[in-house]
Structures are given as C-alpha cells and as structure tokens.
file data_34.cif (mmCIF, C-alpha atoms)
data_query
loop_
_atom_site.label_atom_id
_atom_site.label_comp_id
_atom_site.auth_asym_id
_atom_site.auth_seq_id
_atom_site.Cartn_x
_atom_site.Cartn_y
_atom_site.Cartn_z
CA MET A 13 -26.48 -44.99 -31.84
CA SER A 14 -29.98 -45.65 -30.48
CA ARG A 15 -31.82 -43.07 -28.41
CA HIS A 16 -31.55 -45.34 -25.32
CA THR A 17 -27.77 -45.75 -25.79
CA PHE A 18 -27.34 -41.99 -26.32
CA ARG A 19 -29.16 -41.25 -23.04
CA PHE A 20 -27.01 -43.77 -21.17
CA VAL A 21 -23.75 -42.35 -22.51
CA SER A 22 -24.88 -38.78 -21.81
CA ARG A 23 -25.75 -39.63 -18.22
CA ALA A 24 -22.41 -41.40 -17.75
CA LEU A 25 -20.47 -38.43 -19.10
CA LEU A 26 -22.42 -36.05 -16.86
CA ALA A 27 -21.75 -38.22 -13.80
CA SER A 28 -18.05 -38.40 -14.65
CA ALA A 29 -17.86 -34.62 -15.05
CA LEU A 30 -19.54 -34.07 -11.70
CA LEU A 31 -17.24 -36.57 -10.01
CA LEU A 32 -14.14 -34.98 -11.50
CA GLY A 33 -15.35 -31.53 -10.50
CA ALA A 34 -15.92 -32.67 -6.93
CA CYS A 35 -12.44 -34.16 -6.69
CA ALA A 36 -10.54 -31.40 -8.49
CA GLU A 37 -8.58 -28.76 -6.61
CA PRO A 38 -10.35 -25.40 -6.50
CA LEU A 39 -9.05 -22.93 -9.07
CA PRO A 40 -6.75 -20.27 -7.58
CA ALA A 41 -8.14 -16.76 -7.38
CA PRO A 42 -6.90 -14.56 -10.22
CA LYS A 43 -3.93 -12.38 -9.29
CA ASP A 44 -4.15 -8.61 -9.38
CA PRO A 45 -2.04 -7.16 -12.20
CA PRO A 46 1.20 -5.27 -11.58
CA ALA A 47 1.54 -1.55 -12.27
CA SER A 48 3.45 -2.36 -15.45
CA THR A 49 4.96 -5.30 -17.28
CA HIS A 50 7.87 -3.10 -18.36
CA GLY A 51 11.27 -4.32 -17.20
CA ALA A 52 13.19 -2.90 -14.26
CA LYS A 53 16.75 -3.08 -12.99
CA ARG A 54 18.83 -1.78 -10.10
CA ALA A 55 19.74 1.87 -10.61
CA ALA A 56 23.41 2.59 -11.25
CA LEU A 57 22.89 6.16 -10.05
CA GLY A 58 22.92 7.13 -6.38
CA THR A 59 24.62 6.12 -3.14
CA PRO A 60 22.82 5.23 0.12
CA ILE A 61 23.64 7.57 3.00
CA ARG A 62 22.43 8.15 6.55
CA LEU A 63 19.51 10.48 7.20
CA GLN A 64 21.61 12.37 9.74
CA VAL A 65 24.26 13.08 7.10
CA MET A 66 21.64 14.50 4.74
CA GLU A 67 20.06 16.67 7.41
CA ALA A 68 23.40 18.12 8.48
CA LEU A 69 23.72 19.65 5.00
CA LEU A 70 20.20 20.93 4.42
CA GLU A 71 20.71 24.44 5.79
CA GLU A 72 23.64 25.02 3.44
CA ALA A 73 22.84 26.56 0.06
CA GLY A 74 22.96 24.10 -2.81
CA PRO A 75 23.49 24.27 -6.58
CA ILE A 76 20.10 23.09 -7.91
CA THR A 77 17.52 25.52 -9.26
CA VAL A 78 13.91 24.36 -9.09
CA GLU A 79 10.89 25.27 -11.16
CA THR A 80 7.52 23.71 -10.36
CA VAL A 81 5.11 23.79 -13.31
CA VAL A 82 1.36 23.26 -13.08
CA SER A 83 0.98 21.28 -16.27
CA ALA A 84 -2.74 20.52 -16.05
CA ARG A 85 -5.81 21.07 -13.88
CA TRP A 86 -8.01 18.14 -12.91
CA GLU A 87 -10.71 17.04 -10.46
CA THR A 88 -10.82 13.74 -8.62
CA SER A 89 -12.34 12.05 -5.58
CA ARG A 90 -11.69 13.72 -2.22
CA ALA A 91 -12.11 10.33 -0.53
CA GLY A 92 -9.11 9.13 -2.52
CA LEU A 93 -6.99 12.16 -1.72
CA ILE A 94 -7.81 12.43 1.99
CA ASN A 95 -8.64 9.73 4.54
CA LEU A 96 -12.17 10.86 5.38
CA ALA A 97 -12.39 8.23 8.14
CA HIS A 98 -9.72 10.10 10.12
CA GLU A 99 -11.07 11.88 13.20
CA ARG A 100 -9.60 15.18 12.02
CA ALA A 101 -11.47 14.85 8.72
CA ALA A 102 -14.90 14.60 10.35
CA GLY A 103 -16.11 17.82 8.72
CA LEU A 104 -15.23 16.75 5.18
CA THR A 105 -17.40 14.87 2.71
CA ASP A 106 -16.60 13.13 -0.54
CA GLY A 107 -16.90 14.93 -3.84
CA LEU A 108 -14.69 16.22 -6.63
CA GLU A 109 -11.59 18.02 -5.36
CA PRO A 110 -9.70 20.40 -7.69
CA VAL A 111 -6.09 19.25 -8.11
CA ASP A 112 -3.05 20.04 -10.22
CA ILE A 113 -0.90 17.69 -12.28
CA THR A 114 2.63 19.04 -11.99
CA PHE A 115 6.22 18.41 -12.88
CA HIS A 116 9.28 19.82 -11.18
CA ALA A 117 12.30 20.82 -13.27
CA LEU A 118 15.61 20.53 -11.41
CA ALA A 119 18.58 22.12 -13.14
CA HIS A 120 22.04 21.11 -11.91
CA PRO A 121 24.94 23.23 -13.22
CA ALA A 122 27.07 20.20 -14.06
CA ARG A 123 24.67 17.25 -14.32
CA GLY A 124 21.90 18.75 -16.45
CA LEU A 125 18.12 18.91 -16.24
CA TYR A 126 16.14 16.35 -14.26
CA LEU A 127 12.38 16.07 -13.85
CA ILE A 128 10.40 14.92 -10.85
CA ASP A 129 7.25 13.42 -12.40
CA THR A 130 6.13 14.43 -15.89
CA GLY A 131 2.98 16.56 -15.92
CA ALA A 132 0.97 16.23 -19.14
CA SER A 133 2.07 15.84 -22.75
CA GLN A 134 1.32 18.25 -25.59
CA ALA A 135 -0.89 15.69 -27.30
CA LEU A 136 -3.12 15.37 -24.25
CA ALA A 137 -4.34 18.94 -24.77
CA ALA A 138 -6.59 17.69 -27.59
CA SER A 139 -10.16 17.14 -26.42
CA ASP A 140 -10.48 14.00 -28.56
CA HIS A 141 -7.29 12.37 -27.25
CA PRO A 142 -7.99 8.63 -26.70
CA LEU A 143 -6.85 8.89 -23.10
CA ARG A 144 -9.64 11.38 -22.51
CA THR A 145 -12.41 9.69 -24.45
CA GLY A 146 -11.59 6.02 -23.87
CA PRO A 147 -12.48 3.78 -20.92
CA VAL A 148 -9.46 4.83 -18.85
CA GLY A 149 -10.16 8.52 -19.30
CA GLN A 150 -13.83 8.11 -18.53
CA ALA A 151 -13.14 6.12 -15.38
CA LEU A 152 -10.56 8.65 -14.15
CA ASN A 153 -12.47 11.80 -15.14
CA PHE A 154 -9.78 12.81 -17.62
CA GLY A 155 -12.45 14.56 -19.65
CA ALA A 156 -12.19 17.33 -17.04
CA LEU A 157 -8.41 17.56 -17.41
CA ARG A 158 -7.22 20.92 -18.81
CA VAL A 159 -3.64 21.07 -20.06
CA GLU A 160 -2.12 24.49 -19.29
CA ALA A 161 1.64 23.96 -19.75
CA SER A 162 2.64 20.73 -21.42
CA LEU A 163 5.99 19.16 -20.71
CA GLY A 164 6.93 19.38 -24.38
CA ALA A 165 6.25 23.12 -24.55
CA PHE A 166 8.28 23.70 -21.39
CA ARG A 167 11.23 21.53 -22.41
CA GLY A 168 11.57 22.77 -25.97
CA GLU A 169 14.91 21.61 -27.35
CA ARG A 170 16.52 21.05 -23.95
CA ALA A 171 17.80 17.56 -23.26
CA LEU A 172 16.80 15.73 -20.10
CA ALA A 173 19.30 13.86 -17.94
CA GLY A 174 16.64 11.77 -16.22
CA VAL A 175 13.07 11.45 -14.95
CA LEU A 176 12.65 10.81 -11.22
CA LEU A 177 9.19 9.39 -10.61
CA THR A 178 7.63 9.66 -7.18
CA HIS A 179 5.58 6.60 -8.16
CA LEU A 180 4.11 4.91 -11.21
CA HIS A 181 0.45 5.97 -11.05
CA ILE A 182 -0.87 7.06 -14.42
CA ASP A 183 -1.35 10.74 -13.51
CA HIS A 184 2.41 11.01 -12.86
CA VAL A 185 3.50 9.63 -16.24
CA LEU A 186 1.13 11.45 -18.60
CA GLY A 187 3.98 13.61 -19.91
CA LEU A 188 6.20 10.71 -21.02
CA PRO A 189 5.33 11.14 -24.73
CA ASP A 190 7.29 14.42 -24.51
CA VAL A 191 10.37 12.65 -23.08
CA ALA A 192 12.94 11.16 -25.45
CA ARG A 193 13.05 7.37 -25.27
CA ASP A 194 16.70 7.25 -24.29
CA VAL A 195 16.17 9.26 -21.08
CA PRO A 196 16.49 7.04 -17.98
CA ILE A 197 13.46 6.76 -15.70
CA PHE A 198 13.95 6.14 -11.97
CA VAL A 199 11.40 4.58 -9.59
CA GLY A 200 11.25 3.15 -6.10
CA PRO A 201 12.00 -0.54 -5.45
CA GLY A 202 9.25 -2.91 -6.55
CA GLU A 203 7.14 -0.06 -7.91
CA SER A 204 6.42 -1.60 -11.30
CA THR A 205 5.71 -5.09 -9.95
CA PHE A 206 3.32 -3.95 -7.21
CA GLU A 207 -0.03 -5.72 -7.76
CA SER A 208 -3.36 -3.96 -7.34
CA PRO A 209 -6.92 -4.27 -8.74
CA PHE A 210 -6.56 -0.65 -9.89
CA HIS A 211 -3.90 -1.71 -12.38
CA ALA A 212 -6.45 -3.71 -14.36
CA LEU A 213 -7.63 -0.31 -15.58
CA THR A 214 -4.28 1.43 -16.04
CA GLN A 215 -1.59 -1.18 -16.76
CA SER A 216 -1.97 -1.26 -20.54
CA THR A 217 -1.78 2.54 -20.77
CA VAL A 218 1.29 2.73 -18.52
CA ASP A 219 2.92 -0.01 -20.60
CA GLN A 220 2.24 1.97 -23.78
CA LEU A 221 3.81 5.09 -22.27
CA LEU A 222 6.93 3.07 -21.37
CA GLU A 223 7.13 1.14 -24.64
CA GLY A 224 10.48 1.31 -26.42
CA ARG A 225 12.34 2.60 -23.37
CA ALA A 226 15.13 1.02 -21.36
CA PRO A 227 14.19 -0.84 -18.18
CA LEU A 228 13.09 1.33 -15.28
CA GLU A 229 15.91 2.05 -12.85
CA GLU A 230 15.00 1.17 -9.25
CA TRP A 231 16.58 3.04 -6.35
CA ALA A 232 18.61 0.75 -4.12
CA PHE A 233 17.87 2.23 -0.70
CA GLY A 234 20.05 1.33 2.24
CA GLY A 235 18.88 0.75 5.78
CA GLU A 236 17.88 4.38 6.43
CA GLY A 237 16.03 4.85 3.14
CA VAL A 238 18.08 7.82 1.86
CA ILE A 239 20.05 8.07 -1.38
CA ASP A 240 22.46 10.79 -2.47
CA VAL A 241 21.23 10.83 -6.06
CA LEU A 242 24.03 12.70 -7.85
CA GLY A 243 26.87 11.97 -5.44
CA ASP A 244 27.43 15.60 -4.44
CA ALA A 245 24.76 15.93 -1.72
CA SER A 246 22.64 18.24 -3.88
CA LEU A 247 19.65 15.93 -4.40
CA PHE A 248 18.30 13.15 -2.21
CA ALA A 249 15.73 10.38 -2.71
CA LEU A 250 13.76 9.27 0.37
CA SER A 251 11.89 6.00 0.66
CA ALA A 252 8.29 6.89 1.55
CA PRO A 253 6.07 3.80 1.12
CA GLY A 254 2.35 3.70 1.74
CA HIS A 255 0.62 5.35 -1.19
CA THR A 256 2.40 2.66 -3.18
CA PRO A 257 5.07 0.33 -1.79
CA GLY A 258 7.76 2.05 -3.86
CA SER A 259 6.73 5.67 -3.35
CA VAL A 260 9.66 8.10 -3.21
CA ALA A 261 10.00 11.67 -1.96
CA TYR A 262 12.88 13.94 -2.96
CA VAL A 263 14.82 16.79 -1.36
CA ALA A 264 16.85 19.28 -3.41
CA ARG A 265 19.39 21.75 -2.02
CA THR A 266 18.92 25.10 -3.76
CA PRO A 267 20.40 28.59 -3.36
CA GLU A 268 17.19 29.52 -1.49
CA GLY A 269 17.29 26.52 0.84
CA PRO A 270 16.01 22.94 0.78
CA VAL A 271 12.91 21.93 -1.21
CA LEU A 272 10.91 18.81 -0.35
CA PHE A 273 8.84 17.05 -3.02
CA THR A 274 6.35 14.78 -1.25
CA GLY A 275 4.79 13.05 -4.24
CA ASP A 276 1.49 11.49 -3.22
CA VAL A 277 2.60 10.89 0.35
CA CYS A 278 0.41 13.99 0.61
CA HIS A 279 -1.85 15.15 -2.22
CA THR A 280 -3.53 18.20 -0.69
CA ALA A 281 -2.78 21.33 1.30
CA TRP A 282 -5.53 20.36 3.77
CA GLY A 283 -3.97 16.94 4.33
CA TRP A 284 -0.54 18.41 4.99
CA ARG A 285 -1.74 21.12 7.36
CA ASN A 286 -3.97 18.75 9.31
CA ASP A 287 -1.63 15.74 9.30
CA VAL A 288 -4.15 13.47 7.57
CA GLU A 289 -2.87 10.88 5.13
CA PRO A 290 -4.40 10.12 1.72
CA GLY A 291 -7.54 7.99 1.48
CA ASN A 292 -8.50 5.08 -0.71
CA PHE A 293 -6.02 5.93 -3.46
CA SER A 294 -3.29 4.49 -1.19
CA SER A 295 -2.38 0.82 -1.02
CA ASP A 296 -1.36 0.90 2.66
CA PRO A 297 -3.14 3.57 4.75
CA ALA A 298 -1.04 2.90 7.87
CA GLY A 299 2.19 3.09 5.89
CA SER A 300 0.94 6.24 4.19
CA ALA A 301 0.30 7.87 7.57
CA GLU A 302 3.76 6.86 8.78
CA SER A 303 5.49 8.33 5.71
CA LEU A 304 3.47 11.54 6.02
CA ALA A 305 4.49 11.88 9.68
CA PHE A 306 8.14 11.31 8.70
CA LEU A 307 8.08 14.05 6.02
CA ARG A 308 6.21 16.52 8.23
CA ALA A 309 8.72 15.98 11.01
CA LEU A 310 11.58 16.48 8.55
CA ALA A 311 10.09 19.78 7.39
CA ALA A 312 9.48 20.88 11.00
CA ARG A 313 13.15 20.29 11.84
CA HIS A 314 14.15 22.52 8.91
CA PRO A 315 11.92 25.62 8.95
CA SER A 316 13.52 27.02 5.81
CA MET A 317 12.36 24.00 3.81
CA GLN A 318 9.85 24.63 1.02
CA VAL A 319 7.29 21.87 0.56
CA ARG A 320 5.84 20.90 -2.83
CA LEU A 321 2.89 18.52 -2.49
CA GLY A 322 1.62 15.89 -4.91
CA HIS A 323 -1.39 17.74 -6.32
CA GLN A 324 -1.93 21.08 -4.60
CA SER A 325 0.13 24.08 -3.55
CA LEU A 326 0.77 25.28 -0.02
#
call {"tool": "encode", "arguments": {"input": "data_34.cif", "output": "structure tokens"}}
result
Amino acid sequence: MSRHTFRFVSRALLASALLLGACAEPLPAPKDPPASTHGAKRAALGTPIRLQVMEALLEEAGPITVETVVSARWETSRAGLINLAHERAAGLTDGLEPVDITFHALAHPARGLYLIDTGASQALAASDHPLRTGPVGQALNFGALRVEASLGAFRGERALAGVLLTHLHIDHVLGLPDVARDVPIFVGPGESTFESPFHALTQSTVDQLLEGRAPLEEWAFGGEGVIDVLGDASLFALSAPGHTPGSVAYVARTPEGPVLFTGDVCHTAWGWRNDVEPGNFSSDPAGSAESLAFLRALAARHPSMQVRLGHQSL
C-alpha cells in the first residue's frame, strides 16, 4: 500500500468512526452496585400483625432475656452519624465520634439464642487483619477499631437459632465469621439489592462474609410494618426505612419490660435525645427522620421501654 493510499484509508476510517460516534446512542450511566450479590428469599419465620396488637402487650412481662455486648470500639464521622444540617445540630461540627460496635443476645426459653447484629469476630482482633490494613479498612478507619468482646468468645459452644440484622452495612456483619454457616440470617425487604455508590467499597467484603451460607431471609412486612417474629408475641420486627430502605428495628418483651433495638435509625445518644436523624450515612434523610420520630414516639408511649441505639449507649 502506497503512502498516499494509506493516508486516504486512514482518513476514511477516522471519518467513519466520527460519524458512527455521532449517530450512536449515548452509553448508559453505570449503575451503583447492590449491598450484596448474595441470594435472598422470603422469610418463612414471622407473622405480620397490627401495631396496636403489639403495643397492647408491651407492658406485660415477656420470656426473652437480653444481653447487649460492646464487641468493639471505633471512631467514625460525626457528619455521617448525625445530620449536622439540622437546626438543632447547629452547635456541632464534623470530626471523629467515638462509637461502639455491638451485638444483642436474645435468649428465648423454648426457641433458643438469637442475635441482633453480630459485633466483631475473633479474627478481627489481630492488628494485621486484612480488613484493617486493606483498602476497605483504611477507608472506614478500621485501623482504629479495638475488639473487646468478640462474638466467638461470647458464644463459645452455644448454638445460634438465627441472626436478625438491622441492616446490611459492613459494621453490622463483622462478626459473621464466628457464626456457623447453617444459621439463618434475616434482613429487611430489598436490603441486599439496594444500590448505592458506597457499596462499590464494601460489596465484595460483605459477599465474602456471606459466602457459603443459605440465601438471606427477608421479612415479609404487612401493611403496618410489624412482624411477630416467633409467633408468641415475645419478639417483634418493625420496618424502619431511611438509613437503608430495608432497615429494621426490633422490640423484645423481657421480664424487666420491653426493649427497643433501633439499629442505625439512631446511632448516637445525642441524636436520640435531640430528635435529630443520622447524617450522610443514610440513603434517605427524610425517611430516616420519619423512622426516628416513629421509634421515639413508640418509646414515649411506653415509659418502661429500654432503648438500645445503633452505636452508643443511653
């Protein structure tokens, strides 16, 4: 091919490429990844009931004993934990806020031991754990995480009947390596498929923690968003979207009265006391504020109710 012919062909190919580019449909924007690619199915456990039915029973002593364990200490962004744009938060500034990573052990005399969230695993106590030193740990400040009571050390040889997740954020599943793979894991509807830019960082780790397990079991809430989990009115799941679309709170009836587990509907003691919803860690700030108002009103109607927050103690 002569130099003249080569130039002609090159120009023709360039013109064709430009013409095709001008006529082609624009490429769609890339989708945000889901929280996990792990499978999910409708939960066989639990029956939807009316909120009024649940509340009528809350002042009666129940059979569940509760132990809340601070599994690890951590620090993370105050602007994520508290909506600093709220008028009642005018005196607060961003910075690192000390928080706890907890799990709640619920022992039922007939149905066994359930967990709400998972705390931290025994392996995570090692300073060179990949989740501390790798990109995820560096981005989330997991280098500052101090394991004080791992789930494995707490559980020992006791079998678990189930894990009830408030949501699927990574700091609520860090204890899963200490949970046998045949233990069912329950989440809110659509929790695993919820898409967010944040999941580009965490999805692969969450998938690894769920690997080899049965599909997640999604609560099938009825119209009032309340489920009688065990069928004996001892434990209830409450739909509480906002932090994530599938966020769930729980209420247990104990011999000492009802206990409310808010999950990350409210992370901090300051947020609960001042009625200020979480900040930029939440997917839907308005929905988060609505769920916080719902739980605060529930607690106000039942003064004997103990409240266990997502990451701090009252």
call {"tool": "closest_atom_pairs", "arguments": {"input": "data_34.cif", "of": "range 210-291 of chain A", "to": "range 78-84 of chain A", "cutoff": "9 Å", "atoms": "all atoms listed in the file", "output": "JSON lines"}}
result
{"residue": "A:Ala264", "atom": "CA", "partner": "A:Val78", "partner_atom": "CA", "distance": 8.2}
{"residue": "A:Thr266", "atom": "CA", "partner": "A:Val78", "partner_atom": "CA", "distance": 7.4}
{"residue": "A:Val271", "atom": "CA", "partner": "A:Val78", "partner_atom": "CA", "distance": 8.3}
call {"tool": "atom_distance", "arguments": {"input": "data_34.cif", "atom1": "CA of Leu310 in chain A", "atom2": "CA of Pro270 in chain A"}}
result
11.0 Å
call {"tool": "residues_around", "arguments": {"input": "data_34.cif", "residues": "range 46-55 of chain A", "least_positions_apart": "3", "cutoff": "6 Å", "atoms": "all atoms listed in the file", "output": "number ranges by chain"}}
result
A: 204-207, 211, 215, 219, 227-231
call {"tool": "resolve_selection", "arguments": {"input": "data_34.cif", "expression": "the PyMOL selection byres ((chain A and resi 73) around 6)", "output": "PyMOL selection string"}}
result
chain A and resi 72+74+266-267+269
call {"tool": "atom_distance", "arguments": {"input": "data_34.cif", "atom1": "CA of Ser246 in chain A", "atom2": "CA of Ser294 in chain A"}}
result
29.5 Å
call {"tool": "decode", "arguments": {"input": "data_34.cif", "residues": "range 263-276 of chain A", "atoms": "all heavy atoms", "output": "mmCIF file, in the first residue's frame"}}
result
data_model
loop_
_atom_site.group_PDB
_atom_site.id
_atom_site.type_symbol
_atom_site.label_atom_id
_atom_site.label_comp_id
_atom_site.auth_asym_id
_atom_site.auth_seq_id
_atom_site.Cartn_x
_atom_site.Cartn_y
_atom_site.Cartn_z
ATOM 1 N N VAL A 263 -38.227 -5.144 68.829
ATOM 2 C CA VAL A 263 -38.702 -4.980 70.211
ATOM 3 C C VAL A 263 -38.819 -6.359 70.834
ATOM 4 O O VAL A 263 -39.460 -7.252 70.264
ATOM 5 C CB VAL A 263 -40.062 -4.260 70.273
ATOM 6 C CG1 VAL A 263 -40.563 -4.216 71.723
ATOM 7 C CG2 VAL A 263 -39.959 -2.847 69.718
ATOM 8 N N ALA A 264 -38.185 -6.544 72.001
ATOM 9 C CA ALA A 264 -38.276 -7.803 72.736
ATOM 10 C C ALA A 264 -39.023 -7.576 74.038
ATOM 11 O O ALA A 264 -38.817 -6.564 74.717
ATOM 12 C CB ALA A 264 -36.878 -8.352 73.019
ATOM 13 N N ARG A 265 -39.895 -8.504 74.399
ATOM 14 C CA ARG A 265 -40.565 -8.484 75.699
ATOM 15 C C ARG A 265 -39.752 -9.323 76.677
ATOM 16 O O ARG A 265 -39.522 -10.514 76.441
ATOM 17 C CB ARG A 265 -41.992 -8.997 75.584
ATOM 18 C CG ARG A 265 -42.932 -8.042 74.866
ATOM 19 C CD ARG A 265 -44.336 -8.615 74.706
ATOM 20 N NE ARG A 265 -44.854 -9.122 75.971
ATOM 21 C CZ ARG A 265 -45.352 -10.356 76.135
ATOM 22 N NH1 ARG A 265 -45.387 -11.194 75.115
ATOM 23 N NH2 ARG A 265 -45.798 -10.745 77.306
ATOM 24 N N THR A 266 -39.296 -8.686 77.759
ATOM 25 C CA THR A 266 -38.429 -9.339 78.728
ATOM 26 C C THR A 266 -39.094 -9.318 80.107
ATOM 27 O O THR A 266 -40.081 -8.603 80.316
ATOM 28 C CB THR A 266 -37.066 -8.616 78.812
ATOM 29 O OG1 THR A 266 -37.193 -7.443 79.623
ATOM 30 C CG2 THR A 266 -36.554 -8.236 77.429
ATOM 31 N N PRO A 267 -38.562 -10.046 81.074
ATOM 32 C CA PRO A 267 -39.111 -9.981 82.429
ATOM 33 C C PRO A 267 -39.035 -8.587 83.041
ATOM 34 O O PRO A 267 -39.820 -8.255 83.934
ATOM 35 C CB PRO A 267 -38.232 -10.977 83.208
ATOM 36 C CG PRO A 267 -37.763 -11.945 82.173
ATOM 37 C CD PRO A 267 -37.556 -11.114 80.939
ATOM 38 N N GLU A 268 -38.097 -7.753 82.544
ATOM 39 C CA GLU A 268 -37.947 -6.387 83.065
ATOM 40 C C GLU A 268 -38.706 -5.361 82.245
ATOM 41 O O GLU A 268 -38.619 -4.159 82.512
ATOM 42 C CB GLU A 268 -36.461 -5.997 83.097
ATOM 43 C CG GLU A 268 -35.643 -6.757 84.128
ATOM 44 C CD GLU A 268 -35.341 -8.184 83.676
ATOM 45 O OE1 GLU A 268 -35.133 -8.391 82.464
ATOM 46 O OE2 GLU A 268 -35.355 -9.086 84.542
ATOM 47 N N GLY A 269 -39.430 -5.784 81.227
ATOM 48 C CA GLY A 269 -40.167 -4.854 80.378
ATOM 49 C C GLY A 269 -39.645 -4.872 78.954
ATOM 50 O O GLY A 269 -38.700 -5.606 78.622
ATOM 51 N N PRO A 270 -40.254 -4.067 78.071
ATOM 52 C CA PRO A 270 -39.874 -4.097 76.662
ATOM 53 C C PRO A 270 -38.517 -3.435 76.409
ATOM 54 O O PRO A 270 -38.132 -2.478 77.083
ATOM 55 C CB PRO A 270 -40.996 -3.318 75.975
ATOM 56 C CG PRO A 270 -41.498 -2.386 77.032
ATOM 57 C CD PRO A 270 -41.357 -3.120 78.335
ATOM 58 N N VAL A 271 -37.800 -3.969 75.416
ATOM 59 C CA VAL A 271 -36.508 -3.416 74.992
ATOM 60 C C VAL A 271 -36.586 -3.143 73.499
ATOM 61 O O VAL A 271 -36.942 -4.026 72.712
ATOM 62 C CB VAL A 271 -35.351 -4.373 75.301
ATOM 63 C CG1 VAL A 271 -34.019 -3.744 74.874
ATOM 64 C CG2 VAL A 271 -35.316 -4.733 76.784
ATOM 65 N N LEU A 272 -36.258 -1.915 73.118
ATOM 66 C CA LEU A 272 -36.254 -1.489 71.719
ATOM 67 C C LEU A 272 -34.823 -1.436 71.206
ATOM 68 O O LEU A 272 -33.955 -0.826 71.832
ATOM 69 C CB LEU A 272 -36.893 -0.106 71.586
ATOM 70 C CG LEU A 272 -36.733 0.621 70.242
ATOM 71 C CD1 LEU A 272 -37.452 -0.121 69.124
ATOM 72 C CD2 LEU A 272 -37.239 2.065 70.355
ATOM 73 N N PHE A 273 -34.585 -2.062 70.054
ATOM 74 C CA PHE A 273 -33.291 -2.034 69.386
ATOM 75 C C PHE A 273 -33.469 -1.215 68.110
ATOM 76 O O PHE A 273 -34.123 -1.658 67.167
ATOM 77 C CB PHE A 273 -32.822 -3.448 69.063
ATOM 78 C CG PHE A 273 -32.809 -4.362 70.271
ATOM 79 C CD1 PHE A 273 -33.938 -5.121 70.587
ATOM 80 C CD2 PHE A 273 -31.699 -4.446 71.087
ATOM 81 C CE1 PHE A 273 -33.941 -5.955 71.694
ATOM 82 C CE2 PHE A 273 -31.693 -5.280 72.200
ATOM 83 C CZ PHE A 273 -32.816 -6.032 72.508
ATOM 84 N N THR A 274 -32.883 -0.023 68.073
ATOM 85 C CA THR A 274 -33.157 0.904 66.976
ATOM 86 C C THR A 274 -32.352 0.613 65.723
ATOM 87 O O THR A 274 -32.702 1.084 64.642
ATOM 88 C CB THR A 274 -32.864 2.352 67.384
ATOM 89 O OG1 THR A 274 -31.448 2.550 67.502
ATOM 90 C CG2 THR A 274 -33.542 2.713 68.686
ATOM 91 N N GLY A 275 -31.251 -0.169 65.842
ATOM 92 C CA GLY A 275 -30.332 -0.219 64.717
ATOM 93 C C GLY A 275 -29.846 1.194 64.416
ATOM 94 O O GLY A 275 -29.799 2.064 65.297
ATOM 95 N N ASP A 276 -29.518 1.449 63.160
ATOM 96 C CA ASP A 276 -28.981 2.766 62.804
ATOM 97 C C ASP A 276 -30.061 3.765 62.405
ATOM 98 O O ASP A 276 -29.768 4.792 61.781
ATOM 99 C CB ASP A 276 -27.931 2.630 61.704
ATOM 100 C CG ASP A 276 -26.619 2.073 62.251
ATOM 101 O OD1 ASP A 276 -26.559 1.787 63.463
ATOM 102 O OD2 ASP A 276 -25.671 1.894 61.467
#
